[in-house]
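With mmCIF, C-alpha atoms inside, this is protein-v9.cif:
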data_run
#
loop_
_atom_site.label_atom_id
_atom_site.label_comp_id
_atom_site.auth_asym_id
_atom_site.auth_seq_id
_atom_site.Cartn_x
_atom_site.Cartn_y
_atom_site.Cartn_z
CA MET A 1 -9.24 2.36 -13.71
CA SER A 2 -9.88 0.29 -16.78
CA SER A 3 -10.47 -3.42 -17.25
CA SER A 4 -10.70 -3.24 -21.03
CA ALA A 5 -7.21 -4.70 -21.57
CA PRO A 6 -6.93 -8.18 -23.13
CA ARG A 7 -7.30 -10.89 -20.50
CA ALA A 8 -4.96 -13.84 -20.87
CA SER A 9 -6.39 -17.31 -20.29
CA LEU A 10 -5.38 -18.91 -17.00
CA HIS A 11 -4.26 -22.48 -16.41
CA LEU A 12 -3.76 -24.27 -13.10
CA SER A 13 0.02 -23.91 -13.45
CA ASP A 14 -0.43 -20.13 -13.61
CA LEU A 15 -2.02 -20.02 -10.16
CA THR A 16 0.68 -21.52 -7.93
CA HIS A 17 3.22 -18.70 -7.92
CA PRO A 18 0.79 -15.76 -7.60
CA ILE A 19 -1.11 -17.51 -4.79
CA VAL A 20 2.11 -18.26 -2.90
CA ALA A 21 3.27 -14.66 -3.46
CA GLY A 22 -0.03 -13.44 -1.99
CA LEU A 23 0.34 -15.78 0.98
CA ILE A 24 3.91 -14.67 1.66
CA SER A 25 2.91 -11.01 1.54
CA VAL A 26 0.18 -11.69 4.13
CA ILE A 27 2.53 -13.71 6.38
CA VAL A 28 5.15 -10.95 6.22
CA ASN A 29 2.57 -8.28 7.01
CA TYR A 30 1.08 -10.04 10.04
CA GLY A 31 4.35 -11.55 11.22
CA GLY A 32 6.37 -8.40 10.73
CA THR A 33 4.27 -5.35 11.65
CA PHE A 34 0.92 -6.37 13.16
CA ILE A 35 2.41 -6.38 16.63
CA LEU A 36 2.12 -2.56 16.42
CA VAL A 37 -1.68 -2.85 16.34
CA PHE A 38 -1.65 -4.95 19.52
CA GLN A 39 0.75 -2.49 21.17
CA ALA A 40 -1.48 0.46 20.27
CA ALA A 41 -4.57 -1.38 21.56
CA LYS A 42 -2.79 -2.08 24.84
CA VAL A 43 -1.73 1.55 25.22
CA ALA A 44 -5.33 2.65 24.59
CA GLY A 45 -6.56 0.19 27.22
CA LEU A 46 -8.89 -1.56 24.76
CA SER A 47 -10.80 -4.65 25.84
CA PRO A 48 -10.16 -7.99 24.08
CA GLU A 49 -13.46 -7.48 22.24
CA LEU A 50 -12.45 -4.06 20.90
CA THR A 51 -8.99 -5.37 19.98
CA ALA A 52 -10.55 -8.29 18.06
CA SER A 53 -12.87 -5.81 16.32
CA TRP A 54 -9.84 -3.77 15.25
CA VAL A 55 -8.24 -6.91 13.81
CA TRP A 56 -11.52 -7.85 12.08
CA SER A 57 -12.16 -4.42 10.56
CA VAL A 58 -8.67 -3.77 9.23
CA SER A 59 -8.24 -7.33 7.88
CA ILE A 60 -11.65 -7.49 6.18
CA GLY A 61 -11.24 -3.97 4.82
CA VAL A 62 -7.78 -4.68 3.41
CA GLY A 63 -8.92 -8.00 1.95
CA VAL A 64 -12.07 -6.70 0.25
CA THR A 65 -10.49 -3.55 -1.22
CA GLY A 66 -7.40 -5.39 -2.49
CA LEU A 67 -9.49 -8.17 -4.01
CA LEU A 68 -11.90 -5.70 -5.63
CA LEU A 69 -9.19 -3.43 -7.05
CA SER A 70 -7.15 -6.37 -8.39
CA TRP A 71 -10.21 -7.95 -10.01
CA ILE A 72 -11.36 -4.75 -11.73
CA SER A 73 -7.93 -3.59 -12.91
CA ARG A 74 -6.42 -7.04 -13.62
CA GLU A 75 -3.29 -5.74 -11.88
CA PRO A 76 -1.80 -6.83 -8.52
CA ILE A 77 -3.23 -4.07 -6.31
CA ILE A 78 -2.09 -5.15 -2.85
CA THR A 79 -3.62 -3.23 0.03
CA ALA A 80 -2.53 -3.20 3.68
CA TRP A 81 -3.04 -1.32 6.91
CA SER A 82 -0.93 1.76 7.44
CA THR A 83 2.12 0.51 9.34
CA PRO A 84 3.65 3.96 10.07
CA ALA A 85 0.22 5.10 11.26
CA ALA A 86 0.01 2.11 13.63
CA ALA A 87 3.44 3.04 15.02
CA PHE A 88 2.21 6.63 15.47
CA LEU A 89 -0.91 5.41 17.32
CA VAL A 90 1.21 3.52 19.86
CA VAL A 91 2.08 7.00 21.16
CA ALA A 92 -1.05 8.97 20.21
CA LEU A 93 -3.61 6.66 21.83
CA ALA A 94 -1.93 7.10 25.20
CA THR A 95 -3.42 10.61 25.47
CA THR A 96 -6.43 10.47 23.12
CA PRO A 97 -9.76 8.92 24.17
CA TYR A 98 -10.62 5.99 21.92
CA ALA A 99 -13.94 7.45 20.72
CA GLU A 100 -12.14 10.64 19.68
CA ALA A 101 -9.50 8.57 17.89
CA VAL A 102 -12.28 6.83 15.93
CA GLY A 103 -13.61 10.27 14.95
CA ALA A 104 -10.12 11.18 13.76
CA TYR A 105 -9.96 7.96 11.70
CA LEU A 106 -13.18 9.02 9.95
CA ILE A 107 -11.86 12.50 9.16
CA SER A 108 -8.58 11.12 7.77
CA ALA A 109 -10.45 8.55 5.64
CA ALA A 110 -12.81 11.21 4.28
CA ALA A 111 -9.78 13.32 3.30
CA PHE A 112 -8.41 10.39 1.27
CA VAL A 113 -11.73 9.98 -0.52
CA LEU A 114 -11.66 13.66 -1.49
CA LEU A 115 -8.01 13.38 -2.57
CA GLY A 116 -8.81 10.41 -4.81
CA LEU A 117 -11.83 12.13 -6.36
CA SER A 118 -9.84 15.32 -7.00
CA GLY A 119 -7.29 13.53 -9.22
CA TYR A 120 -4.34 15.55 -7.91
CA PHE A 121 -2.44 12.61 -6.44
CA GLU A 122 -2.21 10.86 -9.82
CA LYS A 123 -0.84 14.03 -11.40
CA VAL A 124 1.92 14.21 -8.78
CA ILE A 125 2.83 10.51 -9.27
CA ARG A 126 3.31 11.00 -13.02
CA LEU A 127 5.84 13.79 -12.46
CA ILE A 128 8.31 11.48 -10.71
CA PRO A 129 11.18 10.27 -12.98
CA SER A 130 11.27 6.49 -13.40
CA GLY A 131 14.93 6.28 -12.30
CA VAL A 132 14.19 8.21 -9.12
CA SER A 133 11.18 6.02 -8.31
CA ALA A 134 13.27 2.88 -8.90
CA GLY A 135 16.01 4.23 -6.63
CA LEU A 136 13.41 5.00 -3.96
CA LEU A 137 12.00 1.48 -4.10
CA ALA A 138 15.46 -0.10 -3.93
CA GLY A 139 16.32 2.08 -0.92
CA ILE A 140 13.11 1.21 0.92
CA LEU A 141 13.60 -2.50 0.32
CA LEU A 142 17.35 -2.56 1.04
CA GLN A 143 16.85 -3.08 4.78
CA PHE A 144 14.78 -6.18 4.03
CA GLY A 145 17.47 -7.61 1.78
CA ILE A 146 20.07 -6.97 4.47
CA GLY A 147 17.70 -8.46 7.07
CA ALA A 148 17.59 -11.72 5.11
CA PHE A 149 21.31 -12.22 5.75
CA GLY A 150 21.47 -10.44 9.10
CA GLY A 151 19.26 -13.17 10.55
CA VAL A 152 22.14 -15.61 10.22
CA SER A 153 23.81 -13.90 13.20
CA ILE A 154 20.70 -14.46 15.33
CA ASP A 155 19.65 -17.91 14.12
CA PRO A 156 22.49 -19.45 12.05
CA LEU A 157 20.79 -22.79 11.37
CA LEU A 158 17.42 -21.41 10.18
CA GLY A 159 18.85 -18.41 8.32
CA GLY A 160 21.61 -20.44 6.70
CA LEU A 161 19.20 -23.20 5.66
CA LEU A 162 16.84 -20.76 3.93
CA ILE A 163 19.63 -18.89 2.12
CA VAL A 164 21.37 -22.05 0.88
CA ALA A 165 18.04 -23.56 -0.17
CA TYR A 166 17.11 -20.39 -2.05
CA VAL A 167 20.40 -20.31 -4.00
CA VAL A 168 20.21 -24.03 -4.85
CA LEU A 169 16.58 -23.78 -5.95
CA LYS A 170 17.39 -20.70 -8.03
CA ARG A 171 20.05 -22.71 -9.82
CA PHE A 172 17.92 -25.73 -10.63
CA THR A 173 14.31 -24.51 -10.54
CA ALA A 174 14.22 -20.73 -10.31
CA ARG A 175 10.43 -20.50 -10.58
CA TYR A 176 9.94 -22.50 -7.39
CA ALA A 177 12.67 -20.91 -5.27
CA VAL A 178 10.39 -18.77 -3.09
CA VAL A 179 7.73 -21.50 -2.87
CA GLY A 180 10.45 -23.96 -1.87
CA ILE A 181 11.94 -21.92 0.97
CA LEU A 182 8.46 -21.20 2.35
CA VAL A 183 7.58 -24.90 2.51
CA LEU A 184 11.05 -25.94 3.70
CA GLY A 185 11.13 -23.24 6.39
CA VAL A 186 7.71 -24.13 7.81
CA ALA A 187 8.55 -27.86 7.78
CA PHE A 188 11.87 -27.19 9.56
CA LEU A 189 10.21 -25.06 12.26
CA LEU A 190 7.50 -27.67 12.85
CA THR A 191 9.99 -30.52 13.17
CA GLN A 192 12.05 -28.43 15.59
CA GLY A 193 8.94 -27.65 17.64
CA ARG A 194 9.57 -23.92 17.29
CA VAL A 195 6.04 -22.89 16.37
CA ASP A 196 3.88 -23.21 19.47
CA LEU A 197 0.20 -23.29 18.52
CA SER A 198 -0.99 -25.34 21.49
CA GLY A 199 -2.69 -22.44 23.24
CA LEU A 200 -4.61 -21.19 20.22
CA GLN A 201 -8.36 -21.58 19.88
CA LEU A 202 -10.19 -20.92 16.63
CA GLN A 203 -12.75 -18.21 17.37
CA LEU A 204 -14.84 -16.02 15.11
CA ALA A 205 -14.28 -12.29 15.47
CA ALA A 206 -17.26 -10.06 16.27
CA PRO A 207 -17.21 -6.41 15.11
CA VAL A 208 -17.93 -3.87 17.84
CA PHE A 209 -19.29 -0.46 16.83
CA THR A 210 -17.82 2.59 18.59
CA MET A 211 -19.73 5.86 18.32
CA PRO A 212 -17.19 8.42 17.05
CA VAL A 213 -16.59 11.66 18.91
CA PHE A 214 -15.17 14.64 17.05
CA SER A 215 -12.84 17.12 18.73
CA LEU A 216 -10.40 19.78 17.62
CA ASN A 217 -7.67 18.13 19.67
CA ALA A 218 -8.10 14.78 17.90
CA LEU A 219 -8.33 16.52 14.53
CA LEU A 220 -4.95 18.20 15.00
CA SER A 221 -3.13 15.55 17.04
CA VAL A 222 -4.46 12.38 15.36
CA ALA A 223 -6.37 12.95 12.08
CA LEU A 224 -3.87 15.33 10.44
CA PRO A 225 -0.72 13.31 11.31
CA LEU A 226 -2.55 10.09 10.36
CA PHE A 227 -3.38 11.51 6.93
CA LEU A 228 0.12 12.85 6.24
CA ILE A 229 1.94 9.76 7.55
CA THR A 230 -0.22 7.40 5.50
CA LEU A 231 0.02 9.55 2.37
CA THR A 232 3.80 9.91 2.43
CA GLY A 233 4.72 6.59 4.05
CA GLN A 234 2.28 4.27 2.26
CA TYR A 235 0.44 5.69 -0.76
CA MET A 236 3.43 7.37 -2.38
CA PRO A 237 5.89 4.42 -2.23
CA GLY A 238 3.02 1.99 -2.87
CA MET A 239 2.14 3.63 -6.18
CA LEU A 240 5.80 3.77 -7.14
CA VAL A 241 6.09 0.00 -6.55
CA LEU A 242 3.36 -0.50 -9.15
CA ARG A 243 4.98 1.96 -11.56
CA ASN A 244 8.40 0.34 -11.13
CA ASP A 245 7.04 -3.04 -12.26
CA GLY A 246 5.30 -1.54 -15.27
CA PHE A 247 1.72 -1.25 -14.02
CA ARG A 248 -0.05 1.98 -14.88
CA THR A 249 -3.40 1.85 -13.12
CA SER A 250 -4.44 5.35 -12.04
CA ALA A 251 -3.87 6.21 -8.39
CA ASN A 252 -7.22 8.01 -8.16
CA PRO A 253 -9.56 5.00 -7.85
CA ILE A 254 -7.09 3.23 -5.53
CA VAL A 255 -7.02 6.18 -3.12
CA THR A 256 -10.80 6.62 -3.41
CA VAL A 257 -11.70 2.95 -2.83
CA THR A 258 -9.28 2.44 0.08
CA GLY A 259 -10.43 5.76 1.55
CA LEU A 260 -14.07 4.65 1.34
CA GLY A 261 -13.16 1.31 2.88
CA SER A 262 -11.36 3.04 5.75
CA LEU A 263 -14.40 5.31 6.22
CA LEU A 264 -16.75 2.33 6.53
CA MET A 265 -14.49 0.34 8.85
CA ALA A 266 -13.32 3.18 11.12
CA PRO A 267 -16.22 2.87 13.63
CA PHE A 268 -15.20 -0.76 14.17
CA GLY A 269 -11.58 0.17 14.98
CA SER A 270 -9.71 0.23 11.66
CA HIS A 271 -7.23 3.09 11.76
CA ALA A 272 -6.40 3.28 8.03
CA PHE A 273 -5.68 1.01 5.09
CA ASN A 274 -4.11 1.85 1.80
CA ILE A 275 -2.08 0.49 -1.09
CA ALA A 276 0.85 -1.55 0.23
CA ALA A 277 4.49 -0.85 -0.55
CA ILE A 278 6.92 -3.48 0.75
CA THR A 279 4.53 -6.44 0.75
CA ALA A 280 3.19 -5.29 -2.63
CA ALA A 281 6.65 -5.69 -4.14
CA ILE A 282 6.46 -9.42 -3.36
CA CYS A 283 3.42 -9.68 -5.65
CA THR A 284 4.20 -7.22 -8.45
CA GLY A 285 7.56 -8.60 -9.63
CA LYS A 286 8.71 -11.64 -11.60
CA GLU A 287 8.70 -13.88 -8.53
CA ALA A 288 4.88 -13.75 -8.58
CA HIS A 289 4.71 -14.71 -12.28
CA GLU A 290 6.91 -14.29 -15.34
CA GLU A 291 4.00 -12.72 -17.22
CA PRO A 292 2.85 -9.36 -15.78
CA SER A 293 -0.67 -9.93 -17.10
CA LYS A 294 -1.10 -12.86 -14.68
CA ARG A 295 0.22 -11.27 -11.50
CA TRP A 296 -3.20 -9.88 -10.56
CA ILE A 297 -3.98 -13.34 -9.19
CA ALA A 298 -1.60 -12.51 -6.33
CA GLY A 299 -3.82 -9.55 -5.43
CA ILE A 300 -6.90 -11.79 -5.38
CA ALA A 301 -5.08 -14.41 -3.28
CA ALA A 302 -3.82 -11.86 -0.76
CA GLY A 303 -7.33 -10.42 -0.46
CA VAL A 304 -8.80 -13.87 0.25
CA PHE A 305 -6.15 -14.64 2.88
CA TYR A 306 -6.74 -11.28 4.61
CA ILE A 307 -10.49 -11.94 4.72
CA LEU A 308 -9.90 -15.39 6.25
CA VAL A 309 -7.71 -13.85 8.95
CA GLY A 310 -10.35 -11.18 9.56
CA ILE A 311 -13.13 -13.73 10.01
CA PHE A 312 -11.17 -15.51 12.74
CA GLY A 313 -9.86 -12.25 14.20
CA VAL A 314 -6.97 -12.43 16.63
CA THR A 315 -6.61 -16.22 16.29
CA LEU A 316 -5.04 -16.42 12.82
CA ALA A 317 -3.11 -13.18 13.31
CA ALA A 318 -1.51 -14.86 16.31
CA VAL A 319 -0.63 -17.89 14.13
CA PHE A 320 1.40 -15.73 11.77
CA MET A 321 3.01 -13.93 14.71
CA ALA A 322 4.03 -17.29 16.22
CA PHE A 323 6.71 -17.74 13.55
CA PRO A 324 10.23 -16.72 14.68
CA ALA A 325 11.28 -13.21 13.62
CA THR A 326 14.27 -14.63 11.73
CA PHE A 327 11.97 -16.73 9.54
CA ILE A 328 9.81 -13.70 8.65
CA THR A 329 12.73 -11.36 7.89
CA THR A 330 14.69 -13.95 5.89
CA LEU A 331 11.63 -15.02 3.92
CA ALA A 332 10.73 -11.41 3.11
CA GLY A 333 14.28 -10.46 2.14
CA LEU A 334 14.80 -13.45 -0.15
CA ALA A 335 11.39 -12.97 -1.78
CA LEU A 336 12.33 -9.34 -2.51
CA LEU A 337 15.84 -9.98 -3.90
CA GLY A 338 14.63 -9.94 -7.52
CA THR A 339 12.75 -6.69 -6.98
CA ILE A 340 15.74 -5.04 -5.28
CA GLY A 341 18.07 -6.10 -8.10
CA GLY A 342 15.64 -5.01 -10.81
CA SER A 343 15.07 -1.65 -9.12
CA LEU A 344 18.80 -0.98 -8.82
CA ALA A 345 19.30 -1.87 -12.49
CA SER A 346 16.46 0.48 -13.53
CA ALA A 347 17.75 3.25 -11.31
CA MET A 348 21.21 3.08 -12.89
CA ALA A 349 20.05 2.52 -16.49
CA ASP A 350 19.54 6.15 -17.55
CA ALA A 351 22.76 8.19 -17.53
CA LYS A 352 20.77 11.44 -17.24
CA SER A 353 19.13 10.48 -13.97
CA ARG A 354 21.76 8.05 -12.62
CA GLU A 355 23.26 10.38 -10.02
CA ALA A 356 19.89 11.58 -8.78
CA SER A 357 18.64 7.99 -8.64
CA LEU A 358 21.70 6.96 -6.62
CA ILE A 359 21.11 9.85 -4.20
CA THR A 360 17.46 8.80 -3.87
CA PHE A 361 18.48 5.20 -3.19
CA LEU A 362 20.95 6.16 -0.44
CA ALA A 363 18.62 8.74 1.14
CA ALA A 364 15.75 6.25 1.25
CA ALA A 365 18.01 3.50 2.61
CA ALA A 366 19.13 5.87 5.39
CA ASN A 367 15.48 5.96 6.56
CA ILE A 368 15.58 9.61 7.65
CA THR A 369 12.86 10.55 10.13
CA LEU A 370 12.07 14.24 10.67
CA PHE A 371 8.94 15.92 12.08
CA GLY A 372 7.32 12.51 12.49
CA ILE A 373 7.53 11.78 8.73
CA GLY A 374 9.33 8.63 7.61
CA GLY A 375 12.19 7.86 5.26
CA ALA A 376 10.21 7.20 2.07
CA PHE A 377 9.06 10.81 1.88
CA TRP A 378 12.46 12.33 2.61
CA GLY A 379 14.23 9.96 0.22
CA LEU A 380 11.84 10.97 -2.55
CA LEU A 381 12.09 14.69 -1.75
CA ILE A 382 15.90 14.62 -1.69
CA GLY A 383 15.98 12.63 -4.93
CA LEU A 384 13.62 15.03 -6.73
CA LEU A 385 15.61 18.05 -5.58
CA ALA A 386 18.84 16.39 -6.77
CA TYR A 387 17.23 15.58 -10.16
CA ALA A 388 15.96 19.16 -10.57
CA VAL A 389 19.36 20.68 -9.73
CA LEU A 390 21.37 18.24 -11.88
CA ASN A 391 19.04 18.42 -14.89
CA GLY A 392 17.68 21.94 -14.59
CA ARG A 393 14.06 20.77 -14.32
CA LEU A 394 11.79 17.85 -13.52
CA PRO A 395 10.56 15.72 -16.44
CA ARG A 396 7.22 16.32 -18.06
CA ARG A 397 4.16 14.42 -16.99
CA GLN A 398 4.36 10.78 -18.08
CA PRO A 399 1.37 9.26 -19.90
CA ALA A 400 -0.72 6.64 -18.13
CA THR A 401 -0.63 3.28 -19.91
CA ASN A 402 -1.80 -0.09 -18.73
CA VAL A 403 0.85 -2.81 -18.52
CA ALA A 404 -1.37 -5.28 -20.34
CA ASP A 405 -1.78 -2.82 -23.21
CA ALA A 406 1.99 -2.28 -23.33
CA THR A 407 2.60 -6.03 -23.34
CA ALA A 408 0.10 -6.50 -26.15
CA ARG A 409 1.72 -3.74 -28.23
CA LYS A 410 5.16 -5.24 -27.65
CA GLY A 411 3.92 -8.64 -28.79
CA ALA A 412 2.37 -7.11 -31.91
CA THR A 413 5.62 -5.30 -32.72
CA ASN A 414 7.76 -8.39 -32.21
CA GLY A 415 5.29 -10.51 -34.19
#
Would you kindly transcribe this structure into C-alpha cells?
Amino acid sequence: MSSSAPRASLHLSDLTHPIVAGLISVIVNYGGTFILVFQAAKVAGLSPELTASWVWSVSIGVGVTGLLLSWISREPIITAWSTPAAAFLVVALATTPYAEAVGAYLISAAAFVLLGLSGYFEKVIRLIPSGVSAGLLAGILLQFGIGAFGGVSIDPLLGGLLIVAYVVLKRFTARYAVVGILVLGVAFLLTQGRVDLSGLQLQLAAPVFTMPVFSLNALLSVALPLFLITLTGQYMPGMLVLRNDGFRTSANPIVTVTGLGSLLMAPFGSHAFNIAAITAAICTGKEAHEEPSKRWIAGIAAGVFYILVGIFGVTLAAVFMAFPATFITTLAGLALLGTIGGSLASAMADAKSREASLITFLAAAANITLFGIGGAFWGLLIGLLAYAVLNGRLPRRQPATNVADATARKGATNG
C-alpha cells in the first residue's frame, strides 16, 4: 500500500458528501444486517455483557482498521463485519461452546493474516477481467436497487416520498440528492413518530475477555467455514468494488490489517471483519465525491462513526435498528443506483467480454447458494468459466496502479 500519490487540498465543501456517504454506509450496515449478530448471540445464550462486548469489539475493530487503511492509502477502504459469517454463526453457535467459537475466530483470523502476507490473494484479484468484475458487482447490488422500489408495496408513503424526492433532487441539485433523501427521510419519520427512542439509555460498552478454547471440532465446523465464507462472500467482492471504481490499492495489506484486527478483537467476541462490499460501494462511487482522490474521506468518516457506535455498544446500534426496514432498504438502493448503472455500463462496454459479463451479472443476481457458500462466489466462478470458454483463456495479470496516479497522468495528458 502506498501513500506517495499526490494529495489534493481539501476544502469544507469537499467534506459534506464523503461524510454523508460514510454515515449512510454505517446506517445501512447496522440497520440492515446487525440483527444477525444479536440473533447469533441469543442462540449462543450469551449474557447482555458478552453481547455488548461483541458489539464493542466488532465496531471498534471495523472503525479503526477502516480509518487506518483509508488514511494510509488515501482511498476509501471501507471495512465491515462479515455478514455471511454472522448468518452462519446463527446456526453454528447453537452446537458450539462459546469459548471454542472464540478459539475458532482466532484460527480464522490468523489464516487471513498469513494469506495477506503471502501475496497470493492480490495475484488472484488481478486475473479477473474488468467486465466480469463489473458484472459481478452489478449482480450483487441489483437486489438492493430492486429493494428501493419494492418498499413502495410495503410502505407506499415513505417509499414513494424518498423515490420522488431523489428524482427531483437529481434533476435540480444532483450532488445533494442522497444527502437530501437522508435528511428528508429522518425528518418524515420523526414527525410521524415512527422512530421510538424512548426506551434507550446511553451506556458505555465494556469489553469482556473470553479465554479461547481450541478443539478439532470447532476448527472444522466453525473456523474453516468462517474463513471460506468470509473470503468468498466479503473479501473477493469487496476488492472488486474498489477495482470497479478505479482504485488499485493492493489487497495484501488490507487482508493483513483486517486479519490482525480480527485476531486482536476475537477474545472480546468479534467473529470477523474484513473489507466491505455493498456498503463500500456507497463510498467508492461518484455519489461520495465527483473526484476519486477525495473519496477517502468517506472511509475516515465511516471509521469514526463505527468507533462512536462501539464506544456506546448496544445503545447506538439499537438506534440505527430502530429505523423502519423500508427506510433502510430504500435509502441503500437509491444511494447505490449510480454504482449499479456504472457497473452495468462497464460490464457491457467491451464486446469481447460482454457475454461473459452478462452471464456473471445474472448468476450473481440469482444469489446461488451451494455447500454453504454464497452467491458472490458462484457468480464469479460461473462468469470466469464463461469468459474462459468464450475467449479461449483468461486475461493476463493486470498491473496495479493507484487511482490518484492514474488521475494525475490523465490530467497531465489532457493539459
For the file shown, what are the residues hit by the PyMOL selection byres ((chain A and resi 118-134) around 9), laid out as a ChimeraX atom specification? /A:113-117,135-139,236-237,239-241,243-244,250-253,255,342-350,353-354,356-361,380,383-384,387,394-400
Min atom-atom distance to Ser293 (chain A) from the set A:Tyr30, A:Phe247, A:Phe188, A:Trp378, counting all atoms listed in the file, belongs to A:Phe247
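Nearest to Ala365 (chain A) of all the residues A:Gly193, A:Gly145, A:Gly103, A:Pro97 is A:Gly145, based on all atoms listed in the file.
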Compile the contact shell of Ile300 (chain A) as a PyMOL selection string: residues with an atom at most 12 Å away, counting only C-alpha atoms, same-chain residues fewer than 3 positions apart removed. chain A and resi 15+18-23+26+62-79+283+294-297+303-307
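Using all atoms listed in the file, the residues found no farther than 12 Å from Leu169 (chain A), other than those of its own chain fewer than 3 positions away, are Leu161, Leu162, Ile163, Val164, Ala165, Tyr166, Phe172, Thr173, Ala174, Arg175, Tyr176, Ala177, Val178, Val179, Gly180, Ile181, Leu182, Leu184 and Leu334 of chain A.
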Any chance you could resolve the PyMOL selection byres ((chain A and resi 90) around 10) against this file and give the residues as a list in words? Leu36, Val37, Phe38, Gln39, Ala40, Ala41, Lys42, Val43, Ala44, Ala85, Ala86, Ala87, Phe88, Leu89, Val91, Ala92, Leu93 and Ala94 of chain A
Counting only C-alpha atoms, what is within 12 Å of Pro84 (chain A), bar same-chain residues fewer than 3 positions away, as a PyMOL selection string? chain A and resi 33-34+36-37+40+80-81+87-91+225-235+271-274+276-277+369+372-377
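Taking CA of Gly285 (chain A) as the reference point, CA of Ser25 (chain A) is found at 12.3 Å.
Between CA of Thr329 (chain A) and CA of Ile254 (chain A) there is a distance of 28.0 Å.
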